[in-house]
file query38.csv (CSV, C-alpha atoms and all ligand atoms)
chain,number,residue,atom,x,y,z
O,1,MET,CA,25.5,5.8,98.7
O,2,ILE,CA,22.0,6.8,97.6
O,3,GLY,CA,20.0,10.1,98.1
O,4,ILE,CA,16.3,10.0,98.6
O,5,TYR,CA,14.2,13.1,98.9
O,6,PHE,CA,10.7,14.5,99.2
O,7,SER,CA,10.3,17.9,97.6
O,8,GLY,CA,7.3,20.0,96.9
O,9,THR,CA,8.7,22.9,95.0
O,10,GLY,CA,12.2,21.7,94.1
O,11,ASN,CA,14.4,23.1,96.9
O,12,THR,CA,15.0,19.8,98.6
O,13,LYS,CA,15.5,18.1,95.2
O,14,HIS,CA,18.2,20.6,94.3
O,15,CYS,CA,20.0,20.4,97.7
O,16,THR,CA,20.0,16.5,97.8
O,17,GLU,CA,21.2,16.2,94.2
O,18,LYS,CA,24.0,18.7,94.8
O,19,LEU,CA,25.2,17.2,98.1
O,20,VAL,CA,25.1,13.6,96.8
O,21,ARG,CA,26.9,14.5,93.6
O,22,LEU,CA,29.7,16.2,95.6
O,23,LEU,CA,30.0,13.2,97.9
O,24,ASP,CA,29.9,10.5,95.2
O,25,GLU,CA,29.4,11.5,91.6
O,26,THR,CA,28.3,8.0,90.7
O,27,ALA,CA,25.5,7.8,93.3
O,28,GLN,CA,21.9,7.9,92.4
O,29,THR,CA,19.3,10.4,93.9
O,30,ILE,CA,15.6,9.5,93.8
O,31,PRO,CA,12.3,11.0,94.8
O,32,MET,CA,10.4,9.3,97.6
O,33,GLU,CA,7.4,8.8,95.4
O,34,ASP,CA,9.3,6.6,93.0
O,35,LYS,CA,7.8,3.2,93.2
O,36,SER,CA,11.2,1.5,93.4
O,37,ALA,CA,12.5,3.8,96.2
O,38,ALA,CA,12.4,1.3,99.0
O,39,ASP,CA,13.9,-1.5,97.0
O,40,LEU,CA,16.8,0.8,95.9
O,41,LEU,CA,17.4,2.0,99.5
O,42,SER,CA,17.6,-1.6,100.8
O,43,ARG,CA,20.6,-2.1,98.5
O,44,HIS,CA,22.7,0.8,100.0
O,45,ASP,CA,24.5,1.2,103.3
O,46,PHE,CA,24.7,5.0,103.3
O,47,ILE,CA,21.6,7.0,102.8
O,48,VAL,CA,21.1,10.8,102.4
O,49,LEU,CA,17.4,11.4,103.4
O,50,ALA,CA,16.0,14.8,102.7
O,51,TYR,CA,12.7,16.7,103.1
O,52,PRO,CA,11.3,20.2,103.6
O,53,VAL,CA,10.4,21.2,107.1
O,54,GLN,CA,6.8,21.8,107.8
O,55,TYR,CA,6.1,23.6,111.1
O,56,SER,CA,9.3,22.2,112.6
O,57,ASN,CA,8.2,18.8,111.6
O,58,MET,CA,8.7,16.3,108.7
O,59,PRO,CA,5.9,16.0,106.1
O,60,VAL,CA,3.4,13.3,106.8
O,61,MET,CA,4.4,11.5,103.6
O,62,VAL,CA,8.0,11.2,104.8
O,63,ARG,CA,7.0,9.9,108.2
O,64,GLU,CA,4.7,7.3,106.5
O,65,PHE,CA,7.5,6.3,104.1
O,66,ILE,CA,9.9,5.7,107.0
O,67,LYS,CA,7.3,3.7,109.0
O,68,ASP,CA,6.0,1.7,106.0
O,69,HIS,CA,9.5,0.6,105.2
O,70,SER,CA,10.6,0.2,108.8
O,71,ALA,CA,12.5,-3.0,108.1
O,72,ILE,CA,15.0,-1.4,105.7
O,73,TRP,CA,16.7,1.0,108.2
O,74,ASN,CA,18.4,-1.4,110.6
O,75,GLY,CA,22.2,-0.8,110.4
O,76,LYS,CA,22.0,1.8,107.7
O,77,LYS,CA,24.1,5.0,108.0
O,78,VAL,CA,21.7,7.9,107.5
O,79,LEU,CA,22.5,11.6,107.0
O,80,CYS,CA,19.2,13.6,107.6
O,81,VAL,CA,18.8,16.8,105.6
O,82,ALA,CA,16.0,19.3,106.2
O,83,THR,CA,15.4,22.4,104.0
O,84,GLN,CA,13.7,25.3,105.6
O,85,ALA,CA,12.8,28.9,104.9
O,86,LEU,CA,14.0,30.3,108.3
O,87,PHE,CA,13.9,28.1,111.3
O,88,SER,CA,13.0,24.6,112.5
O,89,GLY,CA,15.0,23.9,115.6
O,90,ASP,CA,15.2,20.1,115.1
O,91,GLY,CA,14.0,19.7,111.5
O,92,ALA,CA,16.6,17.0,110.7
O,93,GLY,CA,16.2,15.6,114.2
O,94,CYS,CA,12.5,14.6,113.6
O,95,ALA,CA,13.4,12.0,111.1
O,96,ALA,CA,16.6,11.0,113.0
O,97,ARG,CA,14.6,10.1,116.1
O,98,LEU,CA,12.2,7.9,114.2
O,99,LEU,CA,15.0,6.3,112.1
O,100,ARG,CA,16.9,5.4,115.3
O,101,LYS,CA,13.9,3.6,116.5
O,102,TYR,CA,14.2,1.3,113.5
O,103,GLY,CA,17.9,0.7,114.1
O,104,ALA,CA,19.5,3.3,111.8
O,105,ASP,CA,22.9,4.8,112.7
O,106,ILE,CA,22.4,8.6,112.3
O,107,VAL,CA,25.7,10.0,111.1
O,108,GLY,CA,24.6,13.6,110.9
O,109,GLY,CA,22.0,16.3,110.4
O,110,LEU,CA,22.0,19.2,108.0
O,111,HIS,CA,19.7,22.2,107.8
O,112,ILE,CA,19.7,24.3,104.6
O,113,CYS,CA,17.8,27.6,104.3
O,114,MET,CA,16.0,28.0,101.0
O,115,PRO,CA,13.2,30.2,99.7
O,116,ASP,CA,9.8,29.8,101.3
O,117,SER,CA,7.3,27.6,99.5
O,118,ILE,CA,4.0,28.7,101.1
O,119,GLY,CA,2.5,30.5,98.1
O,120,ASP,CA,-0.7,31.7,99.7
O,121,VAL,CA,0.6,33.4,102.8
O,122,LYS,CA,2.4,36.8,102.7
O,123,LEU,CA,4.8,36.0,105.6
O,124,LEU,CA,8.4,35.4,104.6
O,125,LYS,CA,8.0,36.5,101.0
O,126,LYS,CA,11.2,37.9,99.6
O,127,SER,CA,12.4,39.5,96.3
O,128,ILE,CA,13.8,37.5,93.5
O,129,VAL,CA,17.3,38.9,94.2
O,130,LYS,CA,17.0,37.8,97.9
O,131,HIS,CA,15.9,34.3,96.8
O,132,ARG,CA,18.8,34.0,94.5
O,133,GLU,CA,21.2,35.1,97.3
O,134,MET,CA,19.6,32.5,99.6
O,135,ILE,CA,20.2,29.8,97.0
O,136,GLN,CA,23.8,30.8,96.6
O,137,THR,CA,24.4,30.8,100.3
O,138,ALA,CA,22.7,27.3,100.5
O,139,ASP,CA,25.0,26.0,97.7
O,140,GLN,CA,28.0,27.3,99.6
O,141,LYS,CA,26.9,25.6,102.8
O,142,ILE,CA,26.4,22.3,100.9
O,143,GLU,CA,29.9,22.6,99.3
O,144,LYS,CA,31.5,23.3,102.7
O,145,CYS,CA,29.6,20.4,104.3
O,146,ALA,CA,30.5,18.0,101.5
O,147,ALA,CA,34.2,18.9,102.0
O,148,LYS,CA,34.0,18.2,105.7
O,149,ILE,CA,32.0,15.0,105.3
O,150,ARG,CA,34.7,13.7,102.9
O,151,GLN,CA,37.1,14.1,105.8
O,152,GLY,CA,34.7,12.2,108.1
O,153,ARG,CA,33.3,15.3,109.9
O,154,TYR,CA,29.5,15.3,109.8
O,155,PRO,CA,27.3,18.3,110.5
O,156,LYS,CA,25.0,17.9,113.5
O,157,ASP,CA,22.2,20.4,112.8
O,158,GLY,CA,19.0,19.7,114.6
O,159,LEU,CA,20.3,16.6,116.5
O,160,TYR,CA,21.0,18.1,119.9
O,161,PHE,CA,18.6,18.2,122.8
O,162,TYR,CA,18.3,22.0,122.8
O,163,ASP,CA,17.4,21.9,119.1
O,164,ARG,CA,14.5,19.6,120.0
O,165,ILE,CA,13.4,22.1,122.7
O,166,ALA,CA,13.6,24.9,120.2
O,167,GLY,CA,11.6,23.0,117.6
O,168,LEU,CA,9.0,21.9,120.1
O,169,PHE,CA,8.4,25.2,121.8
O,170,GLY,CA,9.2,27.4,118.8
O,171,GLN,CA,6.6,25.8,116.6
O,172,ARG,CA,5.6,22.1,116.9
O,173,LEU,CA,3.6,22.5,120.1
O,174,TRP,CA,1.4,25.2,118.5
O,175,PHE,CA,1.1,23.6,115.1
O,176,TYR,CA,1.0,20.0,116.2
O,177,GLY,CA,-1.3,18.0,113.9
O,178,LYS,CA,-1.6,20.8,111.4
O,179,THR,CA,-0.4,18.7,108.5
O,180,LYS,CA,-2.9,16.0,109.4
O,181,ASP,CA,-5.7,18.5,109.9
O,182,TYR,CA,-5.1,20.0,106.5
O,183,SER,CA,-5.2,16.8,104.6
O,184,ASP,CA,-8.6,17.6,103.2
O,185,ARG,CA,-8.4,21.4,103.1
O,186,LEU,CA,-7.1,22.1,99.6
O,187,LYS,CA,-9.3,24.7,97.9
O,188,ILE,CA,-9.7,24.9,94.2
O,189,ASN,CA,-11.7,27.9,93.0
O,190,ASP,CA,-13.7,28.8,89.8
O,191,ALA,CA,-10.6,30.1,88.0
O,192,CYS,CA,-9.6,26.4,87.5
O,193,THR,CA,-9.5,25.6,83.8
O,194,GLY,CA,-9.3,21.9,84.3
O,195,CYS,CA,-5.9,21.6,82.6
O,196,GLY,CA,-5.0,18.8,84.9
O,197,LEU,CA,-1.4,19.9,85.7
O,198,CYS,CA,-2.1,19.8,89.4
O,199,ALA,CA,-3.4,16.2,89.1
O,200,ARG,CA,-0.3,15.1,87.2
O,201,LEU,CA,2.1,16.8,89.6
O,202,CYS,CA,0.6,15.8,93.0
O,203,PRO,CA,2.9,13.3,94.7
O,204,MET,CA,-0.1,11.9,96.6
O,205,GLU,CA,-2.4,11.5,93.6
O,206,ASN,CA,-4.8,13.6,95.6
O,207,ILE,CA,-6.3,15.6,92.8
O,208,ALA,CA,-8.6,14.4,90.0
O,209,VAL,CA,-10.2,16.2,87.1
O,210,LYS,CA,-13.9,15.7,87.0
O,211,ASN,CA,-16.3,17.4,84.5
O,212,GLY,CA,-13.5,19.8,83.4
O,213,LYS,CA,-12.6,20.9,86.9
O,214,ALA,CA,-9.8,19.8,89.4
O,215,VAL,CA,-11.2,18.2,92.5
O,216,PRO,CA,-9.1,17.7,95.6
O,217,GLY,CA,-9.3,14.6,97.8
O,218,ASN,CA,-8.3,14.1,101.5
O,219,ARG,CA,-4.6,13.0,101.2
O,220,CYS,CA,-2.9,16.4,100.9
O,221,THR,CA,0.6,16.4,102.5
O,222,MET,CA,1.0,20.2,102.2
O,223,CYS,CA,3.9,20.1,99.8
O,224,TYR,CA,2.5,23.2,97.9
O,225,ARG,CA,3.5,21.9,94.5
O,226,CYS,CA,0.0,22.4,93.0
O,227,VAL,CA,-0.4,25.9,94.6
O,228,ASN,CA,2.9,27.0,93.1
O,229,SER,CA,2.3,25.5,89.7
O,230,CYS,CA,-1.3,26.2,88.8
O,231,PRO,CA,-1.3,28.5,85.7
O,232,ALA,CA,-4.7,29.9,86.8
O,233,ARG,CA,-3.5,30.4,90.4
O,234,ALA,CA,-6.8,28.7,91.4
O,235,ILE,CA,-5.4,26.5,94.3
O,236,THR,CA,-4.9,27.6,97.9
O,237,LEU,CA,-4.4,25.8,101.2
O,238,LEU,CA,-3.5,27.9,104.3
O,239,GLY,CA,-4.5,31.2,102.7
O,240,ASN,CA,-7.2,32.2,100.3
O,241,THR,CA,-5.2,33.9,97.5
O,242,VAL,CA,-2.0,33.1,95.8
O,243,VAL,CA,0.4,35.8,96.7
O,244,ALA,CA,3.6,34.4,95.1
O,245,GLN,CA,4.3,31.3,93.1
O,246,TYR,CA,7.7,29.8,93.8
O,247,ARG,CA,9.4,26.9,92.2
O,248,PHE,CA,13.1,26.2,92.2
O,249,ASP,CA,13.3,25.4,88.5
O,250,LYS,CA,12.0,28.9,87.6
O,251,TYR,CA,15.2,30.3,89.1
O,252,ALA,CA,17.5,27.8,87.6
O,253,ASP,CA,16.1,27.7,84.0
O,254,ALA,CA,16.3,31.3,82.8
O,255,GLU,CA,18.2,34.4,83.7
O,256,ASP,CA,15.1,36.6,83.5
O,257,SER,CA,12.5,34.2,84.9
O,258,THR,CA,10.9,35.4,88.1
O,259,GLY,CA,9.7,32.5,90.2
O,260,ILE,CA,7.7,35.0,92.1
O,261,HIS,CA,4.9,37.0,90.6
R,301,LIG,C1,3.2,23.7,105.1
R,301,LIG,C2,4.6,24.3,105.2
R,301,LIG,C3,5.2,24.5,106.4
R,301,LIG,C4,6.5,25.1,106.5
R,301,LIG,N1,7.0,25.3,107.8
R,301,LIG,C5,8.2,25.8,107.9
R,301,LIG,C6,8.8,25.9,109.1
R,301,LIG,O1,8.3,25.6,110.1
R,301,LIG,N2,10.1,26.5,109.2
R,301,LIG,C7,10.7,27.0,108.1
R,301,LIG,O2,11.8,27.5,108.2
R,301,LIG,N3,10.2,26.8,106.8
R,301,LIG,C8,9.0,26.2,106.7
R,301,LIG,N4,8.4,26.0,105.5
R,301,LIG,C9,9.2,26.3,104.3
R,301,LIG,C10,9.8,25.1,103.6
R,301,LIG,O3,10.3,24.2,104.5
R,301,LIG,C11,10.9,25.5,102.6
R,301,LIG,O4,10.5,26.4,101.7
R,301,LIG,C12,11.4,24.3,101.9
R,301,LIG,O5,12.7,24.5,101.4
R,301,LIG,C13,10.6,23.8,100.7
R,301,LIG,O6,11.2,22.7,100.1
R,301,LIG,P1,10.7,22.0,98.7
R,301,LIG,O7,10.9,23.1,97.6
R,301,LIG,O8,11.6,20.9,98.5
R,301,LIG,O9,9.3,21.6,98.9
R,301,LIG,C14,7.2,25.4,105.3
R,301,LIG,C15,6.6,25.2,104.1
R,301,LIG,C16,5.3,24.6,104.0
R,301,LIG,C17,4.7,24.3,102.6
call {"tool": "encode", "arguments": {"input": "query38.csv", "output": "structure tokens", "more": "lines below"}}
Ligand SMILES: Cc1cc2nc3c(=O)[nH]c(=O)nc-3n(C[C@H](O)[C@H](O)[C@H](O)COP(=O)(O)O)c2cc1C
result
Amino acid sequence: MIGIYFSGTGNTKHCTEKLVRLLDETAQTIPMEDKSAADLLSRHDFIVLAYPVQYSNMPVMVREFIKDHSAIWNGKKVLCVATQALFSGDGAGCAARLLRKYGADIVGGLHICMPDSIGDVKLLKKSIVKHREMIQTADQKIEKCAAKIRQGRYPKDGLYFYDRIAGLFGQRLWFYGKTKDYSDRLKINDACTGCGLCARLCPMENIAVKNGKAVPGNRCTMCYRCVNSCPARAITLLGNTVVAQYRFDKYADAEDSTGIH
């Protein structure tokens, strides 16, 4: 078994690592941007593939990874995991359908609600206490699922036809193409100090520091890692001001850390 994830702000990383560890404590979990990811996947028969839902869809980077490595999925057993703030309908189903086209055997789908990562939009913002409660509930769901999976009973979140209808009409139809349309819309304002943290963190290598300022390119995959990490709060995408910076590690690291400002 191997776990592979894409994660902007750490939710999906946490969920994948926890689930995989509970299923097989010797199994490895790797980020999708790891250069050896495809090679490692090809050597395993059972894959836990996880990503954050974006408008009831999978991130562009995940779609491209699956397509770019289309030859490795044939005959693999795959459990699709989608983290989400509230609702996706068929978040896990999006990858499942594509993977089936490449011959994968989809054994299950799992949706896990985690704190919202969109740092520049007020909607869905919750208190620190509520975020911690969400993470606890998520952890409990993962533990229950792992226990059932060990008995051969897989969750089927997002895999049914009515989930697809809910995802399509609930969000995807209205937001279709949004991830693509936003690939060159990252905004970096004058508060930028040119520290280069965003450039180092970006999984798409989409930000460069030029003349002491961070400059965005046109490959943004909307993961929100830079928006939530910038010490100067200088980066926005959907909104124009940073309302709350969220990163999973801020919750995990220290009792009094906030994760939301
Ligand atoms: C661009 C964008 C779109 C999102 N769309 C949805 C959505 O449609 N439904 C939902 O419940 N959560 C949505 N979310 C919230 C994330 O899926 C959720 O916070 C996820 O756990 C973040 O995972 P990560 O920390 O691994 O990046 C969205 C987040 C972003 C950045």
call {"tool": "residues_around", "arguments": {"input": "query38.csv", "residues": "Leu159 in chain O", "least_positions_apart": "5", "cutoff": "8 Å", "atoms": "only C-alpha atoms", "output": "NGL selection string"}}
result
:O and (90 or 92-93 or 96 or 108-109 or 164)
call {"tool": "residues_around", "arguments": {"input": "query38.csv", "residues": "Cys80 in chain O", "least_positions_apart": "2", "cutoff": "9 Å", "atoms": "all atoms listed in the file", "output": "MDAnalysis selection string"}}
result
chainID O and resid 47:51 78 82 91:93 95:96 106:111
call {"tool": "residues_near_ligand", "arguments": {"input": "query38.csv", "ligand": "ligand LIG 301 (chain R)", "cutoff": "7 Å", "atoms": "only C-alpha atoms and all ligand atoms", "output": "tab-separated table (two decimals) with C-alpha atoms, keeping the file's coordinate frame"}}
result
chain	number	residue	atom	x	y	z
O	6	PHE	CA	10.70	14.50	99.20
O	7	SER	CA	10.30	17.90	97.60
O	8	GLY	CA	7.30	20.00	96.90
O	9	THR	CA	8.70	22.90	95.00
O	10	GLY	CA	12.20	21.70	94.10
O	11	ASN	CA	14.40	23.10	96.90
O	12	THR	CA	15.00	19.80	98.60
O	13	LYS	CA	15.50	18.10	95.20
O	51	TYR	CA	12.70	16.70	103.10
O	52	PRO	CA	11.30	20.20	103.60
O	53	VAL	CA	10.40	21.20	107.10
O	54	GLN	CA	6.80	21.80	107.80
O	55	TYR	CA	6.10	23.60	111.10
O	56	SER	CA	9.30	22.20	112.60
O	57	ASN	CA	8.20	18.80	111.60
O	83	THR	CA	15.40	22.40	104.00
O	84	GLN	CA	13.70	25.30	105.60
O	85	ALA	CA	12.80	28.90	104.90
O	86	LEU	CA	14.00	30.30	108.30
O	87	PHE	CA	13.90	28.10	111.30
O	88	SER	CA	13.00	24.60	112.50
O	113	CYS	CA	17.80	27.60	104.30
O	114	MET	CA	16.00	28.00	101.00
O	115	PRO	CA	13.20	30.20	99.70
O	116	ASP	CA	9.80	29.80	101.30
O	117	SER	CA	7.30	27.60	99.50
O	118	ILE	CA	4.00	28.70	101.10
O	171	GLN	CA	6.60	25.80	116.60
O	222	MET	CA	1.00	20.20	102.20
O	223	CYS	CA	3.90	20.10	99.80
O	224	TYR	CA	2.50	23.20	97.90
O	247	ARG	CA	9.40	26.90	92.20
O	248	PHE	CA	13.10	26.20	92.20
call {"tool": "residues_around", "arguments": {"input": "query38.csv", "residues": "Met1 in chain O", "least_positions_apart": "6", "cutoff": "6 Å", "atoms": "all atoms listed in the file", "output": "list in words"}}
result
Ala27, His44, Phe46 and Ile47 of chain O
call {"tool": "residues_around", "arguments": {"input": "query38.csv", "residues": "Asn206 in chain O", "least_positions_apart": "6", "cutoff": "10 Å", "atoms": "all atoms listed in the file", "output": "number ranges by chain"}}
result
O: 183-184, 186, 198-200, 215-221
call {"tool": "closest_residue", "arguments": {"input": "query38.csv", "among": "O:Gly75, O:Gly89, O:Leu40, O:Val243", "to": "Tyr162 in chain O", "atoms": "all atoms listed in the file"}}
result
O:Gly89
call {"tool": "closest_residue", "arguments": {"input": "query38.csv", "among": "O:Lys122, O:Arg97, O:Cys192, O:Gly239", "to": "Arg63 in chain O", "atoms": "all atoms listed in the file"}}
result
O:Arg97
call {"tool": "atom_distance", "arguments": {"input": "query38.csv", "atom1": "CA of Tyr102 in chain O", "atom2": "CA of Ala146 in chain O"}}
result
26.2 Å
call {"tool": "residues_around", "arguments": {"input": "query38.csv", "residues": "Asp190 in chain O", "least_positions_apart": "4", "cutoff": "12 Å", "atoms": "only C-alpha atoms", "output": "PyMOL selection string"}}
result
chain O and resi 194+212-215+232-235
call {"tool": "atom_distance", "arguments": {"input": "query38.csv", "atom1": "CA of Asp181 in chain O", "atom2": "CA of Leu237 in chain O"}}
result
11.4 Å
call {"tool": "closest_residue", "arguments": {"input": "query38.csv", "among": "O:Thr241, O:Val81, O:Ala166, O:Arg153", "to": "Met58 in chain O", "atoms": "all atoms listed in the file"}}
result
O:Val81
call {"tool": "atom_distance", "arguments": {"input": "query38.csv", "atom1": "CA of Leu23 in chain O", "atom2": "CA of Glu143 in chain O"}}
result
9.5 Å
call {"tool": "residues_near_point", "arguments": {"input": "query38.csv", "point": "(18.1, 4.7, 110.2)", "cutoff": "6 Å", "atoms": "all atoms listed in the file", "output": "JSON, numbers by chain"}}
result
{"O": [73, 76, 78, 99, 100, 103, 104, 105]}
call {"tool": "write_last_selection", "arguments": {"input": "query38.csv", "atoms": "C-alpha atoms", "output": "short mmCIF file (atom, residue, chain, number, x, y, z; two decimals), in the coordinates of the input"}}
result
data_model
loop_
_atom_site.label_atom_id
_atom_site.label_comp_id
_atom_site.auth_asym_id
_atom_site.auth_seq_id
_atom_site.Cartn_x
_atom_site.Cartn_y
_atom_site.Cartn_z
CA TRP O 73 16.70 1.00 108.20
CA LYS O 76 22.00 1.80 107.70
CA VAL O 78 21.70 7.90 107.50
CA LEU O 99 15.00 6.30 112.10
CA ARG O 100 16.90 5.40 115.30
CA GLY O 103 17.90 0.70 114.10
CA ALA O 104 19.50 3.30 111.80
CA ASP O 105 22.90 4.80 112.70
#
call {"tool": "closest_residue", "arguments": {"input": "query38.csv", "among": "O:Ser229, O:Tyr246, O:Ile207, O:Tyr160", "to": "Lys126 in chain O", "atoms": "all atoms listed in the file"}}
result
O:Tyr246
